[in-house]
Amino acid sequence: MLGLLNKFNHKAELRESKDEILIGEVVRAMARQGAIAVSFLANDDFQRVKFKLQKDPVVSYVYITLDRKTGTGMVGAALFGSKATLTVSAETKNYLSDPDDLIAMYRTDLANLFRMPVLGGIKLNHELNSIFATTTLIIDIDTYVMKGDPGVQALMGHLHRTIHELREKLRPYKKG
Amino acid sequence: MSQNLPPLPPADAPALFVRGPAGQVGPMTGQQLLQQIVQGALPETCAIWYQGMPDWIPAVQHPGIGPLLAQHRPPAADPYAAARAVDDERDRVFGSLVKASWDWYNQNVFASQIDEVLLGAIITCTLDNGFSLIDLTSDGGFHFLRFENLQTKARIVVQLKHLTSGLMASKVLGQRASVVIGYGERVQDFQRIWQALKAEFKSGYIQSPEPGTISVDADVASGYVYVQVDLYWNIEDYVKEDYNIEYGLLTTHIAATVHALGKYLRGRLG
């Protein structure tokens with residue numbers, strides 16, 4: 001009886017852990033590409049990891065946020081699957097120090113202040129020394145986790161394409 | 001008056017007489033006159049005369065010489081150049097202050113987030129050894145990780161607390177972290193879990209475990225029994241200032257600790 005209960009509980013634990021499994025694979029795969037995880041913010045249904053891209057000519061940091069919208073319960077998972085929003089932000093840094101550049105950037109900051117992000121679209125946001133490009137997608141975690149290497153490869157292919165798109169959006173704004 | 005002037009002698013013919021501040025000189029060629037004016041030896045307003053001219057006229061007013069002088073005249077001085085130079089110099093000084101601040105700021109950031117870099121490295125190493133991350137809690141200062149080998153169901157737990165966050169503390173004491181590493185296995189029969197619970201009861205009396213002290217913990221709901229050990233790590237052994245990570249050393253240290261804990265757990269439970 002105890003064995004049966006343990007088995008059931010273990011299965012429930014793993015169902016609740018799919019987003020962590022996904023984030024773990026993201027951290028490892030990004031590290032293999034030279035992107036070092038430098039900051040974590042994580043709780044039950046929300047994980048955000050900041051990566052430092054050491055050799056990228058345009059992008060300094062990438063932020064990957066996984067927000068599990070359907071909760072971890074069995075009923076929710078059965079009804080909605082393991083849907084989550086995956087938000088990917090790329091940040092380019094210009095380290096502004098010329099007052100003339102600061103004035104120019106201030107004007108674009110005002111222009112971006114009221115622009116709202118669109119799902120799947122890319123939003124650009126200037127913050128003095130940094131410019132962010134952000135996109136948000138809805139994914140099904142089950143597509144990627146517990147599928148072995150093919151699942152991880154599919155996830156990384158997806159992330160790679162997304163980061164490439166964001167990089168190209170940021171490229172015109174990168175100075176020097 | 002220029003309408004009545006005879007044509008200029010050939011440029012290499014010494015036919016020009018010149019009256020400048022030092023008196024009359026010449027005859028000289030047109031090339032020599034131009035050269036002396038350009039070099040500043042004669043003013044543009046010096047008077048010239050050659051055979052056939054009714055009178056002396058300033059060189060700059062001669063229709064054959066004036067345009068040539070204009071071509072060789074240095075550009076007019078920018079009246080704002082001095083102010084612009086001051087502005088550029090101050091911008092340069094301001095830029096150097098900002099850059100120096102960034103250097104300091106980046107050192108501070110590195111000192112503050114080095115524990116999180118280590119956290120990412122632990123995840124990478126442990127996944128490389130066949131485990132999956134199944135639990136992640138982090139508030140930026142305290143971090144908790146739980147891994148499971150989905151085939152064997154064995155688990156590894158890591159608690160990491162940065163003890164010297166901030167530039168000053170890390171410069172004085174080094175990058176120290178309190179690390180608790182645990183190893184767990186699923187235990188099916190009640191008798192063995194009961195044994196573990198008795199051990200957990202004893203472990204509960206340990207208020208502040210010394211390094212190397214192995215304590216026992218049991219999770220009845222999921223049927224896991226864990227053993228864990230308290231350690232202190234120097235994070236700089238694994239994470240360098242250029243963000244390079246010593247994955248090999250980290251993997252060796254985690255594997256050795258997990259190996260020791262696994263031996264202890266199996267020995268304890270029989």
# chains A, B, ... in the order shown; residues from 1 in each chain; ligands from 1
call {"tool": "residues_around", "arguments": {"residues": "region 160-177 of chain B", "least_positions_apart": "6", "cutoff": "7 Å", "atoms": "only C-alpha atoms", "output": "MDAnalysis selection string"}}
result
chainID B and resid 108 111:112 115 141:144 232:236
call {"tool": "write_last_selection", "arguments": {"atoms": "C-alpha atoms", "output": "PDB file, in the first residue's frame"}}
result
ATOM      1  CA  ASN B 108      30.450  44.757  -7.763  1.00  0.00           C
ATOM      2  CA  ALA B 111      30.918  39.846  -6.578  1.00  0.00           C
ATOM      3  CA  SER B 112      27.158  39.814  -5.988  1.00  0.00           C
ATOM      4  CA  ASP B 115      26.857  32.424  -6.398  1.00  0.00           C
ATOM      5  CA  GLY B 141      20.605  34.956  -2.100  1.00  0.00           C
ATOM      6  CA  PHE B 142      19.412  31.516  -1.056  1.00  0.00           C
ATOM      7  CA  HIS B 143      19.143  28.792  -3.659  1.00  0.00           C
ATOM      8  CA  PHE B 144      17.633  25.329  -3.546  1.00  0.00           C
ATOM      9  CA  TYR B 232      31.799  25.445   2.908  1.00  0.00           C
ATOM     10  CA  TRP B 233      33.026  26.213  -0.577  1.00  0.00           C
ATOM     11  CA  ASN B 234      35.253  28.916  -1.976  1.00  0.00           C
ATOM     12  CA  ILE B 235      33.224  29.868  -5.052  1.00  0.00           C
ATOM     13  CA  GLU B 236      36.284  31.328  -6.789  1.00  0.00           C
TER      14      GLU B 236
END
call {"tool": "residues_around", "arguments": {"residues": "region 55-65 of chain A", "least_positions_apart": "2", "cutoff": "7 Å", "atoms": "only C-alpha atoms", "output": "VMD selection string"}}
result
chain A and resid 47 to 53 67 86 to 93 167 171 174
call {"tool": "closest_atom_pairs", "arguments": {"of": "chain B", "to": "chain A", "cutoff": "8 Å", "atoms": "only C-alpha atoms", "output": "Markdown table"}}
result
| residue | atom | partner | partner_atom | distance |
| --- | --- | --- | --- | --- |
| B:Asp91 | CA | A:Asp98 | CA | 6.1 |
| B:Arg92 | CA | A:Asp98 | CA | 7.9 |
| B:Phe94 | CA | A:Ser97 | CA | 7.0 |
| B:Gly95 | CA | A:Ser97 | CA | 4.8 |
| B:Val98 | CA | A:Ser97 | CA | 6.1 |
| B:Lys99 | CA | A:Ser97 | CA | 7.6 |
| B:Gln113 | CA | A:Val38 | CA | 6.2 |
| B:Ile114 | CA | A:Val38 | CA | 7.3 |
| B:Glu116 | CA | A:Val38 | CA | 5.4 |
| B:Val117 | CA | A:Val38 | CA | 4.6 |
| B:Gly120 | CA | A:Ala37 | CA | 5.3 |
| B:Ala121 | CA | A:Ala37 | CA | 7.8 |
| B:Ile123 | CA | A:Gly24 | CA | 6.5 |
| B:Thr124 | CA | A:Arg28 | CA | 4.6 |
| B:Leu127 | CA | A:Arg28 | CA | 7.3 |
| B:Ser132 | CA | A:Ile21 | CA | 5.8 |
| B:Leu133 | CA | A:Ile21 | CA | 4.9 |
| B:Ile134 | CA | A:Ser17 | CA | 4.9 |
| B:Asp135 | CA | A:Glu20 | CA | 5.8 |
| B:Leu136 | CA | A:Ala42 | CA | 6.3 |
| B:Thr137 | CA | A:Ala42 | CA | 5.0 |
| B:Ser138 | CA | A:Ala42 | CA | 5.1 |
| B:Asp139 | CA | A:Leu41 | CA | 5.7 |
| B:Gly140 | CA | A:Phe40 | CA | 6.3 |
| B:Gln188 | CA | A:Gly3 | CA | 5.3 |
| B:Asp189 | CA | A:Gly3 | CA | 7.1 |
| B:Phe190 | CA | A:Leu2 | CA | 7.3 |
| B:Ala221 | CA | A:Asn6 | CA | 6.5 |
| B:Ser222 | CA | A:Asn6 | CA | 4.9 |
| B:Gly223 | CA | A:Asn6 | CA | 5.4 |
| B:Tyr243 | CA | A:Ile36 | CA | 7.6 |
call {"tool": "closest_residue", "arguments": {"among": "A:Ala84, A:Ile141, A:Asp101, A:Asn125", "to": "Lys169 (chain A)", "atoms": "only C-alpha atoms"}}
result
A:Asn125
call {"tool": "select_by_dssp", "arguments": {"residues": "region 63-243 of chain B", "states": "helix (DSSP H, G or I)", "output": "VMD selection string"}}
result
chain B and resid 66 to 72 81 to 128 167 to 173 190 to 203 235 to 237
